[in-house]
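Chemist: If you scroll down you'll find the structure; I have some questions about it.
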Amino acid sequence: EAYEELGDYVYERDSTLVVKEIPGALDALRKLSKKATLYVVTARPERRIPFAREWLENRGVLACIEGFHTSQGSSKAAVCASINADVLIDDDLLHLLSVDVDGLDRILLHDGRPDEPDCGPGIAFCRSWPDFLRTIYERG
């Protein structure tokens, strides 16, 4: 119940639109969009996706995103499989642990985290968006 209450505050329009960029995220989206098709896969309900779209549009990167998909009523694994995703980046390890899709690279991104968590097999860890870009480019 408390988690739902927190989500009602954090993911509503007013709260979403004032969130600051994680350093390097927008630059990474611009660079990646020139080499790959990008999708937002989110646990947010469909009614909250327009807030994320507006946030991206206000920062001039909405055109970098091909589409938005909610995992509500489904799973991130199912969404990734349906869009033939190659990589899933998430800041919640639980979402990554529950995804088992052949050929899908899973990356935990915790900006600025000094220690490296035990992510489990098959999950890479990145401390920043530039670190993520290096990881992706190394993988080819």
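We label chains A, B, ... in the order they appear in the structure tokens, count residues from 1 in each chain, and number ligands from 1 in the order shown.
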Can you pull out every residue within 7 Å of segment 101-115 of chain A, counting only C-alpha atoms, but drop anything in the same chain fewer than 5 positions away, and send it as a list in words?

Modeler: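 Once the adjacent positions are removed, what remains is Ala77, Ala81, Ala85, Asp86, Val87, Leu88, Ile89, Asp90, Asp91, Asp92, Leu93, Leu96, Gly122, Ile123, Ala124, Phe125, Cys126, Arg127 and Ser128 of chain A.
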
Chemist: For C-alpha atoms, I'd like the residues from the last selection saved as a short mmCIF file (atom, residue, chain, number, x, y, z; two decimals), in the first residue's frame.

Modeler:
data_model
loop_
_atom_site.label_atom_id
_atom_site.label_comp_id
_atom_site.auth_asym_id
_atom_site.auth_seq_id
_atom_site.Cartn_x
_atom_site.Cartn_y
_atom_site.Cartn_z
CA ALA A 77 10.27 -9.93 -20.39
CA ALA A 81 10.44 -10.28 -26.49
CA ALA A 85 14.94 -5.91 -27.74
CA ASP A 86 18.67 -6.54 -27.59
CA VAL A 87 19.32 -4.69 -24.31
CA LEU A 88 17.26 -3.87 -21.23
CA ILE A 89 18.59 -1.15 -18.94
CA ASP A 90 16.91 -0.79 -15.56
CA ASP A 91 17.64 0.77 -12.20
CA ASP A 92 15.75 -1.99 -10.38
CA LEU A 93 17.57 -5.30 -10.11
CA LEU A 96 16.24 -7.54 -14.48
CA GLY A 122 24.09 -12.45 -16.98
CA ILE A 123 23.50 -8.96 -15.60
CA ALA A 124 26.10 -6.24 -16.14
CA PHE A 125 26.45 -3.24 -13.84
CA CYS A 126 27.09 0.37 -14.90
CA ARG A 127 27.72 3.39 -12.64
CA SER A 128 26.79 6.06 -15.20
#

Chemist: I'd like the neighbourhood of segment 33-48 of chain A as a short mmCIF file (atom, residue, chain, number, x, y, z; two decimals) with all heavy atoms, in the first residue's frame, where a residue qualifies if any of its atoms comes within 7 Å (using only C-alpha atoms), though same-chain residues fewer than 4 positions away should be ignored.

Modeler:
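And here is the file that came out, around.cif:
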data_model
loop_
_atom_site.label_atom_id
_atom_site.label_comp_id
_atom_site.auth_asym_id
_atom_site.auth_seq_id
_atom_site.Cartn_x
_atom_site.Cartn_y
_atom_site.Cartn_z
N TYR A 11 5.26 9.32 -9.75
CA TYR A 11 5.05 9.16 -11.19
C TYR A 11 3.91 9.97 -11.77
O TYR A 11 3.59 9.82 -12.94
CB TYR A 11 4.86 7.68 -11.52
CG TYR A 11 6.06 6.85 -11.13
CD1 TYR A 11 5.97 5.84 -10.20
CD2 TYR A 11 7.31 7.10 -11.71
CE1 TYR A 11 7.09 5.09 -9.85
CE2 TYR A 11 8.42 6.37 -11.36
CZ TYR A 11 8.31 5.37 -10.43
OH TYR A 11 9.40 4.64 -10.08
N GLU A 12 3.34 10.86 -10.99
CA GLU A 12 2.31 11.73 -11.54
C GLU A 12 2.97 12.85 -12.34
O GLU A 12 4.19 13.05 -12.30
CB GLU A 12 1.43 12.30 -10.43
CG GLU A 12 0.42 11.30 -9.90
CD GLU A 12 -0.55 10.76 -10.95
OE1 GLU A 12 -1.00 11.53 -11.83
OE2 GLU A 12 -0.86 9.56 -10.89
N LEU A 29 21.13 9.01 -25.00
CA LEU A 29 19.98 8.73 -25.86
C LEU A 29 20.21 9.26 -27.27
O LEU A 29 19.90 8.57 -28.25
CB LEU A 29 18.71 9.34 -25.28
CG LEU A 29 18.17 8.73 -24.01
CD1 LEU A 29 16.93 9.49 -23.53
CD2 LEU A 29 17.84 7.26 -24.21
N CYS A 64 14.15 10.71 -30.28
CA CYS A 64 15.10 9.59 -30.16
C CYS A 64 14.40 8.28 -29.81
O CYS A 64 14.99 7.20 -29.96
CB CYS A 64 16.14 9.88 -29.08
SG CYS A 64 17.20 11.29 -29.43
N ILE A 65 13.17 8.37 -29.34
CA ILE A 65 12.44 7.20 -28.84
C ILE A 65 11.42 6.75 -29.87
O ILE A 65 10.57 7.52 -30.32
CB ILE A 65 11.72 7.52 -27.50
CG1 ILE A 65 12.69 8.10 -26.47
CG2 ILE A 65 11.00 6.31 -26.97
CD1 ILE A 65 13.82 7.18 -26.08
N GLU A 66 11.51 5.48 -30.25
CA GLU A 66 10.60 4.91 -31.23
C GLU A 66 9.21 4.66 -30.65
O GLU A 66 8.21 4.82 -31.32
CB GLU A 66 11.18 3.60 -31.77
CG GLU A 66 10.32 2.91 -32.80
CD GLU A 66 10.25 3.66 -34.12
OE1 GLU A 66 11.16 4.45 -34.43
OE2 GLU A 66 9.28 3.43 -34.87
N GLY A 67 9.18 4.23 -29.39
CA GLY A 67 7.88 3.94 -28.79
C GLY A 67 7.98 3.72 -27.29
O GLY A 67 9.07 3.60 -26.73
N PHE A 68 6.83 3.68 -26.67
CA PHE A 68 6.71 3.48 -25.22
C PHE A 68 5.84 2.26 -24.98
O PHE A 68 4.80 2.10 -25.63
CB PHE A 68 6.06 4.71 -24.57
CG PHE A 68 6.92 5.94 -24.62
CD1 PHE A 68 7.06 6.67 -25.78
CD2 PHE A 68 7.58 6.37 -23.48
CE1 PHE A 68 7.84 7.80 -25.83
CE2 PHE A 68 8.37 7.50 -23.51
CZ PHE A 68 8.50 8.22 -24.69
N HIS A 69 6.26 1.44 -24.02
CA HIS A 69 5.51 0.22 -23.69
C HIS A 69 5.43 0.07 -22.19
O HIS A 69 6.44 0.21 -21.49
CB HIS A 69 6.20 -1.02 -24.28
CG HIS A 69 6.34 -0.97 -25.76
ND1 HIS A 69 5.33 -1.39 -26.60
CD2 HIS A 69 7.35 -0.53 -26.54
CE1 HIS A 69 5.73 -1.22 -27.85
NE2 HIS A 69 6.94 -0.70 -27.84
N THR A 70 4.24 -0.23 -21.70
CA THR A 70 4.07 -0.52 -20.28
C THR A 70 4.08 -2.03 -20.07
O THR A 70 3.61 -2.78 -20.92
CB THR A 70 2.77 0.08 -19.72
OG1 THR A 70 2.69 -0.24 -18.32
CG2 THR A 70 1.54 -0.45 -20.43
N SER A 71 4.65 -2.44 -18.95
CA SER A 71 4.63 -3.86 -18.60
C SER A 71 3.47 -4.18 -17.67
O SER A 71 3.32 -5.32 -17.23
CB SER A 71 5.96 -4.27 -17.97
OG SER A 71 6.18 -3.57 -16.76
N GLN A 72 2.63 -3.19 -17.38
CA GLN A 72 1.46 -3.42 -16.54
C GLN A 72 0.56 -4.46 -17.20
O GLN A 72 0.26 -4.37 -18.38
CB GLN A 72 0.67 -2.11 -16.36
CG GLN A 72 1.33 -1.13 -15.44
CD GLN A 72 0.74 -1.20 -14.06
OE1 GLN A 72 -0.46 -1.11 -13.90
NE2 GLN A 72 1.59 -1.36 -13.07
N LYS A 76 8.11 -7.16 -18.20
CA LYS A 76 9.15 -6.56 -19.03
C LYS A 76 9.73 -7.60 -19.97
O LYS A 76 10.10 -7.28 -21.09
CB LYS A 76 10.22 -5.89 -18.18
CG LYS A 76 9.71 -4.60 -17.55
CD LYS A 76 10.82 -3.77 -16.96
CE LYS A 76 10.25 -2.47 -16.41
NZ LYS A 76 11.29 -1.56 -15.92
#

Chemist: For Ile49 of chain A, which residue among A:Cys80, A:Val61, A:Leu17, A:Ala2 is the nearest when counting only C-alpha atoms?

Modeler: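 Ranked by minimum distance to Ile49 of chain A, first place goes to A:Leu17.
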
Chemist: Grab the atom CA of Thr16 of chain A to atom CA of Pro130 of chain A distance for me, in Å with one decimal place.

Modeler: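 Going from atom CA of Thr16 of chain A over to atom CA of Pro130 of chain A covers 23.2 Å.
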
Chemist: Could you please determine the separation between atom CA of Arg53 of chain A and atom CA of Phe132 of chain A in Å, to one decimal place?

Modeler: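 Those two atoms sit 22.2 Å apart.
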
Chemist: Figure out the distance between atom CA of Leu56 of chain A and atom CA of Ala78 of chain A, please, to one decimal in Å.

Modeler: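 Here the two named atoms are 24.5 Å from each other.
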
Chemist: Return as a ChimeraX atom specification the full set of residues in chain A whose backbone-based DSSP assignment is helix (DSSP H, G or I).

Modeler: /A:2-10,13-17,25-33,46-58,62-64,76-82,93-97,129-139

Chemist: I'd like to know which residues of segment 27-61 of chain A are strand (DSSP E) (by DSSP, run on the backbone); could you write them as a ChimeraX atom specification?

Modeler: /A:38-42
